Amino acid sequence: MKFIDEYRDAEAAQHYAHAIAQITTRPWSIMEICGGQTHAIVKFGIDELLPHSLTLVHGPGCPVCVTPVELIDKAIEIALRPEVIFTSFGDMLRVPGTHTDLLSVKANGGDVRMVYSPLDAVKLAQANPAREVVFFAVGFETTAPANAMAVYQAHQRGLPNFSVLVSHVLVPPAMEALLSSPENRVQGFLAAGHVCTVMGYTEYYPLAAKYQVPIVVTGFEPLDILQGVYMCVKQLEEGRAEVENQYTRSVRREGNQPAQQLIREVFQIVPRKWRGLGEIPHSGLGLRDPYAEFDAEQRFGLAEQHVEESSECISGLVLQGIKKPHDCPAFGVRCTPERPLGAPMVSSEGACAAYYRYRRVTLA
Ligand code: SF4
C-alpha cells in the first residue's frame, strides 16, 4: 500500500491546507466534478481542513446518479422479458425507477446479472445463443471505451443476440450547462482525473476562456485534491482562468488516443437527458448507424416516455451544487442506503451516500 499511503500523508495534508489558507483572501466556490473526489472529500474531511471562506461544491460527477428515471424504467421493462438476460454494473441494480428497481426484478425471478465488464456480457451472449443479452451501458467518458469495445466485438463476431441500453454522458457539456445557469455559483472546477485520462484536457480550454473559470484536472487521493484546490485558488486569487493539470501521473494533454478512436468508431454525440438537470445538448453518446442493430431501445421497440422525478428527492439541486445532501428533508429519514429515494443515495459515488456513510447527522 506504499503509494496510496503517500497520497494520504496527514502531515503533508496539513501543509497543503496551511498553504491554501495563506493564499486565500476572499470567499471562493470550487466544484469537484467527480463522485470519487466527492467521496474522498467527505471521507477524509478535506473540506474541514480548508478556510471557512472556501466552499467545495459537489457536482454531477456520479454516472449512476445522473441516469434519468426513464432509462431505469426502460431497463426494467427489458429485464422483465423472459427471453432476456439483463446485465449491469452492481450500482445500477438498486437505483429506483418509477415503481421498482432492477434488484426487485431479479428477486421476482427476472434474469438480471451483475457483471464487472461489458465484455463479460458479450461472452454471455456467445454462451447463450437462444437468449437476448442486454448490457446497461452507463457512465462518463471513462467507461465509454470498454462499452465501445463490447459493441465493436459483438459486431466483429456477428452476435445477433447482444445489445446495449446506452446512457452515456459527457462532462464538458454538463459543466457548460452549470456555468450558463443563472443560479451558478461555481467559480472554479476540479476536473475529473479519470475522464481526462481518456479524453485529455484540451476540450476544457474553450470553457475556461468563455466563462473565465479556472479548471484544474485533479486526481482522487486526499493530497491530489488538496493540491488541485491550491492550484485553483491560486488562479482565482491571481485573476487567471486557465486549464492546469494536477494529475500528471495519469493524465496527458491529448489523453488516450486509441481509446478516443474506439469511442468515435462506435458512438456519436447526441443530446442526453440528465437526472435532475434535464436535457443538455451534445451531452451524451449514442450508437452510430453502423452499430444501430445493437441498440436495445430499437431492438425491443421501447416507446419514449416522460416520467416525473420524485417530488421529495432534491437530487437535481444536489447534483448542481445548489444544495448539500443534508439539506434534503428525506436525508437519513425516508431516504437511506437501504431504502433509497434517489440515485445519489445508492451509488458508491453519490454525494448523499457519502454524507450518510461518513457524516451521518443525528436526526430527530
Ligand atoms: S437524500 Fe435521498 S431523497 Fe434526498 S436528495 Fe439525496 S437521494 Fe434524493
# chains A, B, ... in the order shown; residues from 1 in each chain; ligands from 1
$ residues_near_ligand --ligand "ligand 1" --cutoff "6 Å" --atoms "only C-alpha atoms and all ligand atoms" --output "PyMOL selection string"
chain A and resi 312-315+325+328+330-331+335+340-345+352
$ write_last_selection --atoms "N, CA and C atoms" --output "PDB file, in the first residue's frame"
ATOM      1  N   GLU A 312     -40.051  14.466  -3.725  1.00  0.00           N
ATOM      2  CA  GLU A 312     -39.390  14.563  -2.428  1.00  0.00           C
ATOM      3  C   GLU A 312     -37.864  14.619  -2.577  1.00  0.00           C
ATOM      4  N   CYS A 313     -37.351  14.053  -3.663  1.00  0.00           N
ATOM      5  CA  CYS A 313     -35.901  13.955  -3.851  1.00  0.00           C
ATOM      6  C   CYS A 313     -35.384  15.236  -4.514  1.00  0.00           C
ATOM      7  N   ILE A 314     -34.441  15.885  -3.857  1.00  0.00           N
ATOM      8  CA  ILE A 314     -33.891  17.133  -4.406  1.00  0.00           C
ATOM      9  C   ILE A 314     -32.538  16.882  -5.089  1.00  0.00           C
ATOM     10  N   SER A 315     -32.380  15.685  -5.649  1.00  0.00           N
ATOM     11  CA  SER A 315     -31.069  15.336  -6.212  1.00  0.00           C
ATOM     12  C   SER A 315     -30.648  16.292  -7.323  1.00  0.00           C
ATOM     13  N   PRO A 325     -26.463  17.354   0.553  1.00  0.00           N
ATOM     14  CA  PRO A 325     -27.376  16.245   0.860  1.00  0.00           C
ATOM     15  C   PRO A 325     -28.168  16.431   2.150  1.00  0.00           C
ATOM     16  N   CYS A 328     -31.640  18.050   2.350  1.00  0.00           N
ATOM     17  CA  CYS A 328     -32.832  17.336   1.890  1.00  0.00           C
ATOM     18  C   CYS A 328     -33.607  16.810   3.100  1.00  0.00           C
ATOM     19  N   ALA A 330     -35.586  14.466   3.374  1.00  0.00           N
ATOM     20  CA  ALA A 330     -35.692  12.998   3.436  1.00  0.00           C
ATOM     21  C   ALA A 330     -34.382  12.336   3.856  1.00  0.00           C
ATOM     22  N   PHE A 331     -33.285  13.089   3.858  1.00  0.00           N
ATOM     23  CA  PHE A 331     -31.958  12.515   4.106  1.00  0.00           C
ATOM     24  C   PHE A 331     -31.914  11.781   5.450  1.00  0.00           C
ATOM     25  N   CYS A 335     -34.990   8.453   3.318  1.00  0.00           N
ATOM     26  CA  CYS A 335     -34.024   8.044   2.284  1.00  0.00           C
ATOM     27  C   CYS A 335     -32.730   7.596   2.952  1.00  0.00           C
ATOM     28  N   PRO A 340     -33.375   3.694  -0.584  1.00  0.00           N
ATOM     29  CA  PRO A 340     -33.088   4.975  -1.244  1.00  0.00           C
ATOM     30  C   PRO A 340     -34.287   5.533  -2.008  1.00  0.00           C
ATOM     31  N   LEU A 341     -34.452   6.852  -1.933  1.00  0.00           N
ATOM     32  CA  LEU A 341     -35.464   7.517  -2.758  1.00  0.00           C
ATOM     33  C   LEU A 341     -34.854   8.013  -4.064  1.00  0.00           C
ATOM     34  N   GLY A 342     -33.569   8.284  -4.026  1.00  0.00           N
ATOM     35  CA  GLY A 342     -32.911   8.811  -5.218  1.00  0.00           C
ATOM     36  C   GLY A 342     -31.565   8.150  -5.430  1.00  0.00           C
ATOM     37  N   ALA A 343     -31.060   8.272  -6.686  1.00  0.00           N
ATOM     38  CA  ALA A 343     -29.809   7.599  -7.045  1.00  0.00           C
ATOM     39  C   ALA A 343     -28.600   8.068  -6.226  1.00  0.00           C
ATOM     40  N   PRO A 344     -28.496   9.348  -5.828  1.00  0.00           N
ATOM     41  CA  PRO A 344     -27.288   9.744  -5.084  1.00  0.00           C
ATOM     42  C   PRO A 344     -27.148   9.044  -3.729  1.00  0.00           C
ATOM     43  N   MET A 345     -28.218   8.396  -3.252  1.00  0.00           N
ATOM     44  CA  MET A 345     -28.112   7.634  -2.005  1.00  0.00           C
ATOM     45  C   MET A 345     -27.718   6.178  -2.281  1.00  0.00           C
ATOM     46  N   CYS A 352     -25.062  11.873  -1.592  1.00  0.00           N
ATOM     47  CA  CYS A 352     -25.915  11.573  -0.432  1.00  0.00           C
ATOM     48  C   CYS A 352     -25.390  10.345   0.310  1.00  0.00           C
TER      49      CYS A 352
END
$ select_by_dssp --residues "segment 236-317 of chain A" --states "alpha helix (DSSP H)" --output "ChimeraX atom specification"
/A:236-238,257-266,296-299,315-317
$ closest_residue --among "A:Ala10, A:Ala137, A:Cys62, A:Ala150" --to "Ala354 of chain A" --atoms "only C-alpha atoms"
A:Cys62
$ closest_atom_pairs --of "segment 122-183 of chain A" --to "segment 64-71 of chain A" --cutoff "12 Å" --atoms "only C-alpha atoms" --output "CSV"
residue,atom,partner,partner_atom,distance
A:Phe136,CA,A:Leu71,CA,9.4
A:Ala137,CA,A:Thr67,CA,10.5
A:Val138,CA,A:Val64,CA,7.3
A:Gly139,CA,A:Val64,CA,7.1
A:Phe140,CA,A:Val64,CA,9.7
A:Val164,CA,A:Leu71,CA,12.0
A:Leu165,CA,A:Leu71,CA,8.2
A:Val166,CA,A:Leu71,CA,8.6
A:Ser167,CA,A:Thr67,CA,6.7
A:His168,CA,A:Thr67,CA,8.5
A:Val169,CA,A:Val66,CA,8.5
A:Leu170,CA,A:Val66,CA,11.0
A:Val171,CA,A:Val66,CA,11.3
A:Ala174,CA,A:Val66,CA,10.6
$ atom_distance --atom1 "atom CA of Lys234 of chain A" --atom2 "atom CA of Glu349 of chain A"
27.8 Å
$ select_by_dssp --residues "segment 34-114 of chain A" --states "strand (DSSP E or B)" --output "list of chain:residue names"
A:Leu54, A:Thr55, A:Leu56, A:Val57, A:His58, A:Val84, A:Ile85, A:Phe86, A:Thr87, A:Ser88, A:Val112, A:Arg113, A:Met114
$ residues_around --residues "Leu56 of chain A" --least-positions-apart "5" --cutoff "10 Å" --atoms "only C-alpha atoms" --output "VMD selection string"
chain A and resid 28 to 32 38 41 46 to 48 50 186 188 to 190 229 321
$ residues_around --residues "segment 265-272 of chain A" --least-positions-apart "5" --cutoff "6 Å" --atoms "only C-alpha atoms" --output "ChimeraX atom specification"
/A:148,279-288
$ write_last_selection --atoms "C-alpha atoms" --output "compact mmCIF listing (two decimals), in the first residue's frame"
# COMPACT_ATOMS: atom_id res chain seq x y z
CA ALA A 148 -17.49 0.70 -27.26
CA GLU A 279 -31.82 17.59 -21.42
CA ILE A 280 -28.40 19.02 -22.27
CA PRO A 281 -27.46 19.39 -25.96
CA HIS A 282 -24.43 17.40 -27.21
CA SER A 283 -24.00 15.87 -23.74
CA GLY A 284 -24.31 12.16 -24.47
CA LEU A 285 -23.16 9.31 -26.65
CA GLY A 286 -25.42 7.14 -28.80
CA LEU A 287 -24.59 4.35 -31.22
CA ARG A 288 -23.52 5.33 -34.74
$ residues_around --residues "Glu203 of chain A" --least-positions-apart "3" --cutoff "12 Å" --atoms "only C-alpha atoms" --output "list in words"
Leu170, Val171, Pro172, Pro173, Met175, Glu176, Ala191, Val195, Cys196, Val198, Met199, Gly200, Pro206, Leu207, Ala208, Ala209, Ile215, Val217, Val243, Arg253, Glu254 and Gly255 of chain A
$ write_last_selection --atoms "N, CA and C atoms" --output "PDB file, in the first residue's frame"
ATOM      1  N   LEU A 170     -21.404  13.057 -21.123  1.00  0.00           N
ATOM      2  CA  LEU A 170     -20.113  13.720 -21.327  1.00  0.00           C
ATOM      3  C   LEU A 170     -19.968  14.890 -20.356  1.00  0.00           C
ATOM      4  N   VAL A 171     -18.779  15.042 -19.810  1.00  0.00           N
ATOM      5  CA  VAL A 171     -18.582  16.036 -18.742  1.00  0.00           C
ATOM      6  C   VAL A 171     -18.590  17.497 -19.238  1.00  0.00           C
ATOM      7  N   PRO A 172     -17.818  17.859 -20.282  1.00  0.00           N
ATOM      8  CA  PRO A 172     -17.753  19.296 -20.610  1.00  0.00           C
ATOM      9  C   PRO A 172     -19.109  19.958 -20.885  1.00  0.00           C
ATOM     10  N   PRO A 173     -20.058  19.312 -21.618  1.00  0.00           N
ATOM     11  CA  PRO A 173     -21.348  19.985 -21.814  1.00  0.00           C
ATOM     12  C   PRO A 173     -22.109  20.207 -20.507  1.00  0.00           C
ATOM     13  N   MET A 175     -20.683  20.794 -17.595  1.00  0.00           N
ATOM     14  CA  MET A 175     -20.035  21.952 -16.957  1.00  0.00           C
ATOM     15  C   MET A 175     -20.539  23.246 -17.584  1.00  0.00           C
ATOM     16  N   GLU A 176     -20.699  23.233 -18.906  1.00  0.00           N
ATOM     17  CA  GLU A 176     -21.189  24.444 -19.585  1.00  0.00           C
ATOM     18  C   GLU A 176     -22.621  24.750 -19.155  1.00  0.00           C
ATOM     19  N   ALA A 191     -11.491  19.267 -12.411  1.00  0.00           N
ATOM     20  CA  ALA A 191     -11.977  18.329 -13.427  1.00  0.00           C
ATOM     21  C   ALA A 191     -11.593  16.907 -13.036  1.00  0.00           C
ATOM     22  N   VAL A 195     -11.659  10.858 -16.230  1.00  0.00           N
ATOM     23  CA  VAL A 195     -12.230  11.255 -17.534  1.00  0.00           C
ATOM     24  C   VAL A 195     -11.118  11.816 -18.422  1.00  0.00           C
ATOM     25  N   CYS A 196     -10.264  12.636 -17.812  1.00  0.00           N
ATOM     26  CA  CYS A 196      -9.189  13.269 -18.594  1.00  0.00           C
ATOM     27  C   CYS A 196      -8.101  12.270 -18.978  1.00  0.00           C
ATOM     28  N   VAL A 198      -8.695   9.504 -20.216  1.00  0.00           N
ATOM     29  CA  VAL A 198      -9.175   9.040 -21.528  1.00  0.00           C
ATOM     30  C   VAL A 198      -9.170  10.178 -22.549  1.00  0.00           C
ATOM     31  N   MET A 199      -9.753  11.314 -22.164  1.00  0.00           N
ATOM     32  CA  MET A 199     -10.047  12.358 -23.149  1.00  0.00           C
ATOM     33  C   MET A 199      -8.990  13.460 -23.247  1.00  0.00           C
ATOM     34  N   GLY A 200      -8.015  13.475 -22.316  1.00  0.00           N
ATOM     35  CA  GLY A 200      -7.112  14.618 -22.274  1.00  0.00           C
ATOM     36  C   GLY A 200      -7.854  15.834 -21.740  1.00  0.00           C
ATOM     37  N   PRO A 206     -11.812  25.943 -24.252  1.00  0.00           N
ATOM     38  CA  PRO A 206     -12.864  26.925 -24.604  1.00  0.00           C
ATOM     39  C   PRO A 206     -13.744  27.301 -23.413  1.00  0.00           C
ATOM     40  N   LEU A 207     -14.005  26.317 -22.519  1.00  0.00           N
ATOM     41  CA  LEU A 207     -14.845  26.612 -21.340  1.00  0.00           C
ATOM     42  C   LEU A 207     -14.150  27.609 -20.417  1.00  0.00           C
ATOM     43  N   ALA A 208     -12.868  27.368 -20.155  1.00  0.00           N
ATOM     44  CA  ALA A 208     -12.117  28.263 -19.255  1.00  0.00           C
ATOM     45  C   ALA A 208     -12.094  29.675 -19.830  1.00  0.00           C
ATOM     46  N   ALA A 209     -11.913  29.772 -21.146  1.00  0.00           N
ATOM     47  CA  ALA A 209     -11.822  31.094 -21.769  1.00  0.00           C
ATOM     48  C   ALA A 209     -13.181  31.796 -21.810  1.00  0.00           C
ATOM     49  N   ILE A 215      -9.840  25.730 -14.411  1.00  0.00           N
ATOM     50  CA  ILE A 215     -10.173  24.298 -14.409  1.00  0.00           C
ATOM     51  C   ILE A 215      -8.870  23.537 -14.145  1.00  0.00           C
ATOM     52  N   VAL A 217      -7.342  19.822 -13.666  1.00  0.00           N
ATOM     53  CA  VAL A 217      -7.506  18.363 -13.747  1.00  0.00           C
ATOM     54  C   VAL A 217      -6.891  17.765 -12.483  1.00  0.00           C
ATOM     55  N   VAL A 243      -6.497  26.237 -17.844  1.00  0.00           N
ATOM     56  CA  VAL A 243      -6.626  24.794 -17.613  1.00  0.00           C
ATOM     57  C   VAL A 243      -5.262  24.285 -17.163  1.00  0.00           C
ATOM     58  N   ARG A 253      -2.033  15.647 -21.977  1.00  0.00           N
ATOM     59  CA  ARG A 253      -2.835  16.695 -22.626  1.00  0.00           C
ATOM     60  C   ARG A 253      -3.793  16.120 -23.677  1.00  0.00           C
ATOM     61  N   GLU A 254      -3.305  15.183 -24.483  1.00  0.00           N
ATOM     62  CA  GLU A 254      -4.135  14.644 -25.567  1.00  0.00           C
ATOM     63  C   GLU A 254      -4.922  13.409 -25.140  1.00  0.00           C
ATOM     64  N   GLY A 255      -4.709  12.920 -23.925  1.00  0.00           N
ATOM     65  CA  GLY A 255      -5.449  11.750 -23.439  1.00  0.00           C
ATOM     66  C   GLY A 255      -5.007  10.461 -24.111  1.00  0.00           C
TER      67      GLY A 255
END
$ closest_atom_pairs --of "segment 32-80 of chain A" --to "segment 126-134 of chain A" --cutoff "12 Å" --atoms "only C-alpha atoms" --output "CSV"
residue,atom,partner,partner_atom,distance
A:Lys74,CA,A:Val134,CA,11.7
A:Ala75,CA,A:Val134,CA,9.1
A:Ile76,CA,A:Val134,CA,11.4
A:Glu77,CA,A:Val134,CA,11.8
A:Ile78,CA,A:Val134,CA,8.3
A:Ala79,CA,A:Val134,CA,8.4
A:Leu80,CA,A:Val134,CA,11.9
$ closest_residue --among "A:Tyr204, A:Leu226, A:Phe44, A:Tyr152" --to "Ala21 of chain A" --atoms "only C-alpha atoms"
A:Leu226
$ residues_around --residues "segment 298-302 of chain A" --least-positions-apart "2" --cutoff "8 Å" --atoms "only C-alpha atoms" --output "tab-separated table (two decimals) with all heavy atoms, in the first residue's frame"
chain	number	residue	atom	x	y	z
A	74	LYS	N	-36.91	1.88	-18.59
A	74	LYS	CA	-36.70	1.09	-19.82
A	74	LYS	C	-35.89	-0.17	-19.50
A	74	LYS	O	-36.17	-1.25	-20.03
A	74	LYS	CB	-35.97	1.93	-20.87
A	74	LYS	CG	-36.86	2.95	-21.55
A	74	LYS	CD	-36.08	3.76	-22.56
A	74	LYS	CE	-37.00	4.78	-23.25
A	74	LYS	NZ	-36.29	5.68	-24.15
A	78	ILE	N	-37.15	-4.03	-20.14
A	78	ILE	CA	-36.40	-5.05	-20.89
A	78	ILE	C	-36.12	-6.26	-20.00
A	78	ILE	O	-36.28	-7.42	-20.42
A	78	ILE	CB	-35.07	-4.47	-21.42
A	78	ILE	CG1	-35.33	-3.38	-22.46
A	78	ILE	CG2	-34.21	-5.57	-22.03
A	78	ILE	CD1	-34.09	-2.60	-22.88
A	163	SER	N	-27.07	-6.68	-27.19
A	163	SER	CA	-27.41	-5.27	-27.41
A	163	SER	C	-27.08	-4.47	-26.16
A	163	SER	O	-26.80	-5.04	-25.10
A	163	SER	CB	-28.89	-5.11	-27.78
A	163	SER	OG	-29.71	-5.61	-26.75
A	293	GLU	N	-27.85	-1.74	-34.94
A	293	GLU	CA	-28.52	-3.02	-34.66
A	293	GLU	C	-28.30	-3.48	-33.22
A	293	GLU	O	-29.01	-4.37	-32.73
A	293	GLU	CB	-28.01	-4.10	-35.63
A	293	GLU	CG	-26.53	-4.37	-35.43
A	293	GLU	CD	-25.94	-5.32	-36.45
A	293	GLU	OE1	-26.32	-6.50	-36.43
A	293	GLU	OE2	-25.09	-4.88	-37.26
A	294	PHE	N	-27.31	-2.88	-32.53
A	294	PHE	CA	-27.05	-3.28	-31.14
A	294	PHE	C	-27.75	-2.37	-30.13
A	294	PHE	O	-27.48	-2.44	-28.94
A	294	PHE	CB	-25.53	-3.27	-30.87
A	294	PHE	CG	-24.80	-4.27	-31.73
A	294	PHE	CD1	-24.14	-3.87	-32.88
A	294	PHE	CD2	-24.82	-5.62	-31.40
A	294	PHE	CE1	-23.51	-4.80	-33.69
A	294	PHE	CE2	-24.18	-6.56	-32.20
A	294	PHE	CZ	-23.53	-6.15	-33.35
A	295	ASP	N	-28.62	-1.51	-30.63
A	295	ASP	CA	-29.34	-0.58	-29.76
A	295	ASP	C	-30.55	-1.29	-29.15
A	295	ASP	O	-31.51	-1.63	-29.86
A	295	ASP	CB	-29.80	0.64	-30.59
A	295	ASP	CG	-30.48	1.69	-29.74
A	295	ASP	OD1	-30.90	1.37	-28.60
A	295	ASP	OD2	-30.59	2.84	-30.20
A	296	ALA	N	-30.52	-1.52	-27.84
A	296	ALA	CA	-31.60	-2.27	-27.17
A	296	ALA	C	-32.94	-1.53	-27.26
A	296	ALA	O	-33.99	-2.17	-27.35
A	296	ALA	CB	-31.23	-2.51	-25.71
A	304	GLU	N	-40.77	6.14	-26.29
A	304	GLU	CA	-40.28	7.25	-25.46
A	304	GLU	C	-41.33	7.56	-24.40
A	304	GLU	O	-42.52	7.47	-24.63
A	304	GLU	CB	-40.07	8.50	-26.33
A	304	GLU	CG	-38.74	8.52	-27.05
A	304	GLU	CD	-37.54	8.24	-26.16
A	304	GLU	OE1	-37.49	8.79	-25.04
A	304	GLU	OE2	-36.66	7.45	-26.54
$ residues_around --residues "Tyr230 of chain A" --least-positions-apart "2" --cutoff "9 Å" --atoms "only C-alpha atoms" --output "number ranges by chain"
A: 16-17, 19-20, 23, 225-228, 232-235
$ closest_residue --among "A:Thr25, A:Met114, A:Leu102, A:Gly36" --to "Ser53 of chain A" --atoms "only C-alpha atoms"
A:Thr25
$ decode --residues "segment 71-82 of chain A" --atoms "all heavy atoms" --output "PDB file, in the first residue's frame"
ATOM      1  N   LEU A  71     -34.712   5.969 -18.242  1.00  0.00           N
ATOM      2  CA  LEU A  71     -33.801   4.891 -18.663  1.00  0.00           C
ATOM      3  C   LEU A  71     -33.881   3.714 -17.698  1.00  0.00           C
ATOM      4  O   LEU A  71     -33.807   2.556 -18.103  1.00  0.00           O
ATOM      5  CB  LEU A  71     -32.374   5.436 -18.737  1.00  0.00           C
ATOM      6  CG  LEU A  71     -31.763   5.591 -20.130  1.00  0.00           C
ATOM      7  CD1 LEU A  71     -31.584   4.253 -20.826  1.00  0.00           C
ATOM      8  CD2 LEU A  71     -32.605   6.502 -21.001  1.00  0.00           C
ATOM      9  N   ILE A  72     -34.017   4.007 -16.400  1.00  0.00           N
ATOM     10  CA  ILE A  72     -34.154   2.920 -15.415  1.00  0.00           C
ATOM     11  C   ILE A  72     -35.440   2.151 -15.722  1.00  0.00           C
ATOM     12  O   ILE A  72     -35.458   0.915 -15.715  1.00  0.00           O
ATOM     13  CB  ILE A  72     -34.212   3.477 -13.972  1.00  0.00           C
ATOM     14  CG1 ILE A  72     -33.019   4.391 -13.672  1.00  0.00           C
ATOM     15  CG2 ILE A  72     -34.304   2.328 -12.959  1.00  0.00           C
ATOM     16  CD1 ILE A  72     -31.694   3.712 -13.615  1.00  0.00           C
ATOM     17  N   ASP A  73     -36.511   2.896 -16.021  1.00  0.00           N
ATOM     18  CA  ASP A  73     -37.781   2.233 -16.347  1.00  0.00           C
ATOM     19  C   ASP A  73     -37.645   1.374 -17.605  1.00  0.00           C
ATOM     20  O   ASP A  73     -38.200   0.264 -17.679  1.00  0.00           O
ATOM     21  CB  ASP A  73     -38.896   3.277 -16.536  1.00  0.00           C
ATOM     22  CG  ASP A  73     -39.355   3.868 -15.210  1.00  0.00           C
ATOM     23  OD1 ASP A  73     -38.980   3.318 -14.155  1.00  0.00           O
ATOM     24  OD2 ASP A  73     -40.073   4.879 -15.223  1.00  0.00           O
ATOM     25  N   LYS A  74     -36.906   1.883 -18.592  1.00  0.00           N
ATOM     26  CA  LYS A  74     -36.695   1.091 -19.818  1.00  0.00           C
ATOM     27  C   LYS A  74     -35.885  -0.167 -19.502  1.00  0.00           C
ATOM     28  O   LYS A  74     -36.171  -1.252 -20.025  1.00  0.00           O
ATOM     29  CB  LYS A  74     -35.969   1.927 -20.874  1.00  0.00           C
ATOM     30  CG  LYS A  74     -36.864   2.951 -21.547  1.00  0.00           C
ATOM     31  CD  LYS A  74     -36.084   3.762 -22.562  1.00  0.00           C
ATOM     32  CE  LYS A  74     -37.000   4.777 -23.251  1.00  0.00           C
ATOM     33  NZ  LYS A  74     -36.294   5.683 -24.151  1.00  0.00           N
ATOM     34  N   ALA A  75     -34.861  -0.020 -18.659  1.00  0.00           N
ATOM     35  CA  ALA A  75     -34.051  -1.185 -18.269  1.00  0.00           C
ATOM     36  C   ALA A  75     -34.938  -2.235 -17.606  1.00  0.00           C
ATOM     37  O   ALA A  75     -34.832  -3.440 -17.897  1.00  0.00           O
ATOM     38  CB  ALA A  75     -32.941  -0.744 -17.314  1.00  0.00           C
ATOM     39  N   ILE A  76     -35.826  -1.775 -16.742  1.00  0.00           N
ATOM     40  CA  ILE A  76     -36.718  -2.706 -16.040  1.00  0.00           C
ATOM     41  C   ILE A  76     -37.669  -3.386 -17.034  1.00  0.00           C
ATOM     42  O   ILE A  76     -37.900  -4.601 -16.956  1.00  0.00           O
ATOM     43  CB  ILE A  76     -37.484  -1.940 -14.930  1.00  0.00           C
ATOM     44  CG1 ILE A  76     -36.497  -1.569 -13.817  1.00  0.00           C
ATOM     45  CG2 ILE A  76     -38.659  -2.755 -14.398  1.00  0.00           C
ATOM     46  CD1 ILE A  76     -37.012  -0.521 -12.857  1.00  0.00           C
ATOM     47  N   GLU A  77     -38.192  -2.596 -17.980  1.00  0.00           N
ATOM     48  CA  GLU A  77     -39.098  -3.156 -18.988  1.00  0.00           C
ATOM     49  C   GLU A  77     -38.400  -4.263 -19.790  1.00  0.00           C
ATOM     50  O   GLU A  77     -38.988  -5.322 -20.048  1.00  0.00           O
ATOM     51  CB  GLU A  77     -39.558  -2.021 -19.918  1.00  0.00           C
ATOM     52  CG  GLU A  77     -40.681  -2.414 -20.852  1.00  0.00           C
ATOM     53  CD  GLU A  77     -41.108  -1.254 -21.757  1.00  0.00           C
ATOM     54  OE1 GLU A  77     -40.939  -0.083 -21.361  1.00  0.00           O
ATOM     55  OE2 GLU A  77     -41.604  -1.548 -22.865  1.00  0.00           O
ATOM     56  N   ILE A  78     -37.146  -4.029 -20.135  1.00  0.00           N
ATOM     57  CA  ILE A  78     -36.396  -5.049 -20.891  1.00  0.00           C
ATOM     58  C   ILE A  78     -36.118  -6.261 -20.004  1.00  0.00           C
ATOM     59  O   ILE A  78     -36.285  -7.420 -20.420  1.00  0.00           O
ATOM     60  CB  ILE A  78     -35.067  -4.468 -21.423  1.00  0.00           C
ATOM     61  CG1 ILE A  78     -35.330  -3.379 -22.455  1.00  0.00           C
ATOM     62  CG2 ILE A  78     -34.206  -5.566 -22.035  1.00  0.00           C
ATOM     63  CD1 ILE A  78     -34.087  -2.600 -22.880  1.00  0.00           C
ATOM     64  N   ALA A  79     -35.693  -5.998 -18.760  1.00  0.00           N
ATOM     65  CA  ALA A  79     -35.291  -7.091 -17.858  1.00  0.00           C
ATOM     66  C   ALA A  79     -36.466  -8.012 -17.517  1.00  0.00           C
ATOM     67  O   ALA A  79     -36.260  -9.172 -17.149  1.00  0.00           O
ATOM     68  CB  ALA A  79     -34.682  -6.512 -16.587  1.00  0.00           C
ATOM     69  N   LEU A  80     -37.685  -7.500 -17.632  1.00  0.00           N
ATOM     70  CA  LEU A  80     -38.871  -8.317 -17.319  1.00  0.00           C
ATOM     71  C   LEU A  80     -39.185  -9.335 -18.421  1.00  0.00           C
ATOM     72  O   LEU A  80     -39.977 -10.255 -18.212  1.00  0.00           O
ATOM     73  CB  LEU A  80     -40.088  -7.409 -17.096  1.00  0.00           C
ATOM     74  CG  LEU A  80     -40.128  -6.678 -15.745  1.00  0.00           C
ATOM     75  CD1 LEU A  80     -41.190  -5.580 -15.747  1.00  0.00           C
ATOM     76  CD2 LEU A  80     -40.388  -7.669 -14.609  1.00  0.00           C
ATOM     77  N   ARG A  81     -38.573  -9.171 -19.586  1.00  0.00           N
ATOM     78  CA  ARG A  81     -38.870 -10.099 -20.690  1.00  0.00           C
ATOM     79  C   ARG A  81     -38.234 -11.457 -20.429  1.00  0.00           C
ATOM     80  O   ARG A  81     -37.058 -11.538 -20.077  1.00  0.00           O
ATOM     81  CB  ARG A  81     -38.339  -9.536 -22.004  1.00  0.00           C
ATOM     82  CG  ARG A  81     -39.079  -8.294 -22.448  1.00  0.00           C
ATOM     83  CD  ARG A  81     -38.414  -7.738 -23.696  1.00  0.00           C
ATOM     84  NE  ARG A  81     -39.128  -6.559 -24.137  1.00  0.00           N
ATOM     85  CZ  ARG A  81     -39.798  -6.470 -25.272  1.00  0.00           C
ATOM     86  NH1 ARG A  81     -39.844  -7.489 -26.099  1.00  0.00           N
ATOM     87  NH2 ARG A  81     -40.430  -5.364 -25.604  1.00  0.00           N
ATOM     88  N   PRO A  82     -38.970 -12.538 -20.641  1.00  0.00           N
ATOM     89  CA  PRO A  82     -38.443 -13.866 -20.306  1.00  0.00           C
ATOM     90  C   PRO A  82     -37.246 -14.293 -21.146  1.00  0.00           C
ATOM     91  O   PRO A  82     -36.430 -15.090 -20.703  1.00  0.00           O
ATOM     92  CB  PRO A  82     -39.645 -14.793 -20.561  1.00  0.00           C
ATOM     93  CG  PRO A  82     -40.606 -14.010 -21.380  1.00  0.00           C
ATOM     94  CD  PRO A  82     -40.363 -12.566 -21.096  1.00  0.00           C
TER      95      PRO A  82
END
